[in-house]
$ cat upload.cif   # mmCIF, C-alpha atoms
data_work
#
loop_
_atom_site.label_atom_id
_atom_site.label_comp_id
_atom_site.auth_asym_id
_atom_site.auth_seq_id
_atom_site.Cartn_x
_atom_site.Cartn_y
_atom_site.Cartn_z
CA MET T 1 7.90 21.11 -5.77
CA ALA T 2 10.23 21.06 -2.74
CA GLY T 3 7.71 22.90 -0.60
CA SER T 4 5.10 20.20 -1.02
CA PHE T 5 7.23 17.26 0.17
CA ASP T 6 9.54 18.92 2.68
CA ARG T 7 7.52 17.78 5.70
CA ILE T 8 7.06 14.16 4.63
CA ARG T 9 8.95 11.58 6.70
CA VAL T 10 9.92 8.47 4.74
CA LEU T 11 11.30 5.15 5.93
CA ILE T 12 13.07 3.03 3.31
CA VAL T 13 13.38 -0.68 4.10
CA GLU T 14 15.84 -2.01 1.54
CA ASP T 15 18.70 -4.47 2.04
CA ASN T 16 20.60 -3.26 -1.02
CA SER T 17 22.48 -0.10 -0.03
CA HIS T 18 22.89 0.98 -3.67
CA MET T 19 19.14 0.81 -4.33
CA SER T 20 18.44 2.57 -1.05
CA ALA T 21 20.80 5.38 -2.07
CA ILE T 22 19.02 5.73 -5.42
CA ILE T 23 15.62 5.98 -3.73
CA ARG T 24 17.01 8.45 -1.18
CA THR T 25 18.41 10.65 -3.97
CA ILE T 26 15.08 10.61 -5.82
CA LEU T 27 13.20 11.55 -2.65
CA GLN T 28 15.66 14.34 -1.89
CA GLY T 29 15.08 15.62 -5.43
CA PHE T 30 11.38 15.87 -4.55
CA GLY T 31 12.30 17.92 -1.49
CA VAL T 32 11.86 15.22 1.15
CA ARG T 33 14.10 16.17 4.07
CA THR T 34 13.49 13.39 6.59
CA ILE T 35 14.51 10.02 5.21
CA HIS T 36 15.43 7.03 7.38
CA GLU T 37 16.77 3.72 6.17
CA CYS T 38 16.66 0.19 7.56
CA ARG T 39 18.33 -2.83 6.00
CA ASP T 40 15.83 -5.36 7.36
CA ALA T 41 12.18 -5.66 8.37
CA GLU T 42 12.87 -6.47 12.02
CA THR T 43 14.79 -3.22 12.53
CA ALA T 44 12.03 -1.33 10.72
CA LEU T 45 9.37 -2.80 13.04
CA GLN T 46 11.44 -1.88 16.09
CA ASN T 47 11.84 1.72 14.91
CA ILE T 48 8.54 2.58 13.21
CA GLY T 49 7.00 3.92 16.42
CA VAL T 50 10.00 6.15 17.14
CA LEU T 51 10.59 7.35 13.56
CA ASN T 52 6.85 7.87 12.91
CA PRO T 53 7.15 7.86 9.10
CA ASP T 54 4.43 9.20 6.83
CA ILE T 55 5.31 6.69 4.09
CA LEU T 56 7.07 3.34 4.13
CA LEU T 57 8.96 2.16 1.04
CA VAL T 58 9.74 -1.54 1.36
CA ASP T 59 11.44 -4.15 -0.81
CA LEU T 60 9.68 -7.47 -1.32
CA PHE T 61 12.62 -9.74 -0.55
CA LEU T 62 14.53 -9.03 2.65
CA ALA T 63 16.67 -11.28 4.85
CA GLU T 64 14.66 -12.82 7.71
CA MET T 65 11.22 -11.25 7.21
CA ASP T 66 10.09 -10.21 3.74
CA GLY T 67 8.19 -7.07 2.81
CA LEU T 68 4.86 -8.90 2.71
CA GLU T 69 5.24 -10.13 6.28
CA LEU T 70 6.34 -6.65 7.37
CA ALA T 71 3.15 -5.21 5.85
CA ARG T 72 1.03 -7.88 7.56
CA GLN T 73 2.71 -7.14 10.91
CA ILE T 74 2.05 -3.42 10.52
CA ARG T 75 -1.58 -3.93 9.47
CA SER T 76 -2.28 -6.35 12.33
CA ASP T 77 -0.88 -4.08 15.07
CA ASP T 78 -3.96 -2.89 16.94
CA SER T 79 -1.91 -0.89 19.44
CA GLY T 80 -1.37 2.26 17.37
CA ALA T 81 -1.96 4.40 14.31
CA ASN T 82 0.91 2.77 12.40
CA LYS T 83 -1.52 0.18 11.05
CA TYR T 84 -2.71 2.93 8.68
CA LEU T 85 0.82 3.75 7.48
CA PRO T 86 0.89 4.09 3.68
CA ILE T 87 3.14 1.37 2.25
CA ILE T 88 4.71 1.35 -1.20
CA MET T 89 6.34 -1.93 -2.22
CA VAL T 90 9.39 -1.32 -4.39
CA THR T 91 10.59 -4.53 -6.04
CA ALA T 92 12.05 -6.04 -9.18
CA HIS T 93 9.39 -8.76 -9.02
CA SER T 94 6.38 -7.36 -10.82
CA GLU T 95 4.63 -10.56 -11.85
CA ARG T 96 0.85 -10.44 -11.41
CA ALA T 97 0.93 -13.08 -8.67
CA ARG T 98 3.42 -10.99 -6.67
CA VAL T 99 1.31 -7.85 -7.06
CA ILE T 100 -1.77 -9.73 -5.84
CA GLN T 101 0.19 -11.05 -2.84
CA ALA T 102 1.21 -7.49 -2.00
CA ILE T 103 -2.34 -6.18 -2.33
CA ASN T 104 -3.59 -8.97 -0.08
CA ALA T 105 -0.90 -8.11 2.50
CA GLY T 106 -2.20 -4.53 2.72
CA ILE T 107 0.23 -2.70 0.45
CA ASN T 108 -1.11 0.66 -0.79
CA GLU T 109 1.01 0.96 -3.95
CA TYR T 110 3.36 -1.25 -5.96
CA LEU T 111 6.42 0.06 -7.81
CA ALA T 112 8.64 -2.01 -10.09
CA LYS T 113 12.40 -1.60 -10.19
CA PRO T 114 14.28 -0.01 -11.79
CA VAL T 115 12.70 2.97 -10.06
CA ARG T 116 11.96 5.96 -12.25
CA PRO T 117 11.48 9.26 -10.44
CA ILE T 118 8.17 9.94 -12.20
CA ASP T 119 6.77 6.58 -11.10
CA LEU T 120 7.73 7.13 -7.46
CA PHE T 121 6.33 10.66 -7.62
CA GLU T 122 3.01 9.37 -9.01
CA ARG T 123 2.74 6.73 -6.26
CA ILE T 124 3.32 9.30 -3.53
CA VAL T 125 0.86 11.75 -5.08
CA SER T 126 -1.69 8.93 -5.36
CA LEU T 127 -1.35 8.26 -1.62
CA VAL T 128 -2.00 11.92 -0.86
CA GLU T 129 -4.60 12.88 -3.46
CA ARG T 130 -6.51 9.59 -3.82
CA PRO T 131 -6.24 7.74 -0.52
CA ARG T 132 -8.29 4.58 -0.30
CA ARG T 133 -10.31 3.96 2.83
CA PHE T 134 -9.26 1.09 5.03
CA VAL T 135 -11.49 -1.95 5.31
CA ARG T 136 -11.65 -4.88 7.68
CA ALA T 137 -12.60 -8.37 6.55
CA PRO T 138 -12.22 -11.68 8.40
CA ASP T 139 -8.76 -12.28 6.91
CA TYR T 140 -7.74 -8.78 5.81
CA PHE T 141 -7.17 -5.29 7.12
CA GLY T 142 -5.80 -2.60 4.83
CA PRO T 143 -6.62 -0.21 2.05
CA ASP T 144 -9.68 -1.08 -0.01
CA ARG T 145 -8.40 -3.36 -2.76
CA ARG T 146 -10.84 -1.91 -5.28
CA ARG T 147 -9.36 1.17 -6.94
CA ARG T 148 -12.40 2.47 -8.74
CA GLN T 149 -16.09 2.66 -8.09
CA ASP T 150 -18.57 1.62 -10.75
CA SER T 151 -20.78 4.66 -11.38
CA ALA T 152 -23.47 2.42 -12.91
CA TYR T 153 -23.79 0.39 -9.70
CA LYS T 154 -27.18 1.07 -8.06
CA GLY T 155 -27.28 -1.14 -4.96
CA PRO T 156 -25.71 -1.54 -1.53
CA TRP T 157 -24.31 -5.06 -2.14
CA ARG T 158 -20.77 -5.24 -3.42
CA ARG T 159 -19.75 -8.80 -2.60
CA SER T 160 -21.39 -12.20 -2.94
CA THR T 161 -21.11 -12.63 0.84
CA ASP T 162 -23.24 -9.56 1.57
CA GLU T 163 -26.57 -10.24 3.25
CA ASP T 164 -29.43 -10.53 0.72
CA TYR T 165 -26.94 -10.58 -2.19
CA ASP T 166 -28.79 -13.46 -3.88
CA ASP T 167 -32.08 -11.50 -3.81
CA GLN T 168 -30.30 -8.49 -5.36
CA GLU T 169 -28.84 -10.65 -8.15
CA GLU T 170 -32.25 -12.15 -8.88
CA ASP T 171 -33.81 -8.68 -9.06
CA ARG T 172 -31.02 -7.51 -11.38
CA GLU T 173 -31.60 -10.48 -13.72
CA PHE T 174 -35.26 -9.59 -14.07
CA GLY T 175 -34.76 -5.84 -14.30
CA ALA T 176 -36.28 -5.01 -10.93
CA ALA T 177 -33.20 -3.47 -9.36
#

$ encode --input "upload.cif" --output "structure tokens"
Amino acid sequence: MAGSFDRIRVLIVEDNSHMSAIIRTILQGFGVRTIHECRDAETALQNIGVLNPDILLVDLFLAEMDGLELARQIRSDDSGANKYLPIIMVTAHSERARVIQAINAGINEYLAKPVRPIDLFERIVSLVERPRRFVRAPDYFGPDRRRRQDSAYKGPWRRSTDEDYDDQEEDREFGAA
């Protein structure tokens, strides 16, 4: 397993040094050799370009800027490739509303604390083996929020705002589509 993760560069943004050490130890167990840590989002933003991480692990609640705002800042940066940086939110707050907030901020994966090695491993593997394409909407840029495709779907329209959506729905009601 060490050979598969030894080239991955990870940035951990976690204000709790104990939790950061736990995550670092888990990553080292996977064979990750390059691990950087920041205690706040501002420092992470200042260093992302220099550190050039492959994956960002970020806590939800941080001092001045929280993990959601950090994700939004990264996703809205049109000046570089960091806007496509895979982000895993690692937090003790796993309520549905928090998960939806994270998804809407452009988070790729969500991981609840306490962190189990198998869960972190699965999130990283998911980023590599099943990456979601990035989409742009008027108020969103990030990984496609839909995780699965409906194999029974037979048309080009996926959202109610798509052009000619109403005609498609009418056809579907009457069996024409």

$ resolve_selection --input "upload.cif" --expression "the PyMOL selection byres ((chain T and resi 127) around 10)" --output "number ranges by chain"
T: 55, 86-88, 108-109, 122-126, 128-132

$ atom_distance --input "upload.cif" --atom1 "atom CA of Lys113 of chain T" --atom2 "atom CA of Val90 of chain T"
6.5 Å

$ resolve_selection --input "upload.cif" --expression "the PyMOL selection byres ((chain T and resi 26-28) around 10)" --output "ChimeraX atom specification"
/T:2,5-6,8,10,20-25,29-35,115-118,120-121

$ atom_distance --input "upload.cif" --atom1 "atom CA of His93 of chain T" --atom2 "atom CA of Asp66 of chain T"
12.9 Å

$ resolve_selection --input "upload.cif" --expression "the PyMOL selection byres ((chain T and resi 69) around 12)" --output "ChimeraX atom specification"
/T:40-42,44-45,58-68,70-76,89,101-102,104-107

$ atom_distance --input "upload.cif" --atom1 "atom CA of Asp77 of chain T" --atom2 "atom CA of Pro143 of chain T"
14.7 Å

$ closest_residue --input "upload.cif" --among "T:Asp54, T:Asp78, T:Arg145, T:Glu14" --to "Val99 of chain T" --atoms "all atoms listed in the file"
T:Arg145

$ closest_residue --input "upload.cif" --among "T:Asn47, T:Gly142, T:Cys38, T:Asn52" --to "Asn82 of chain T" --atoms "all atoms listed in the file"
T:Asn52
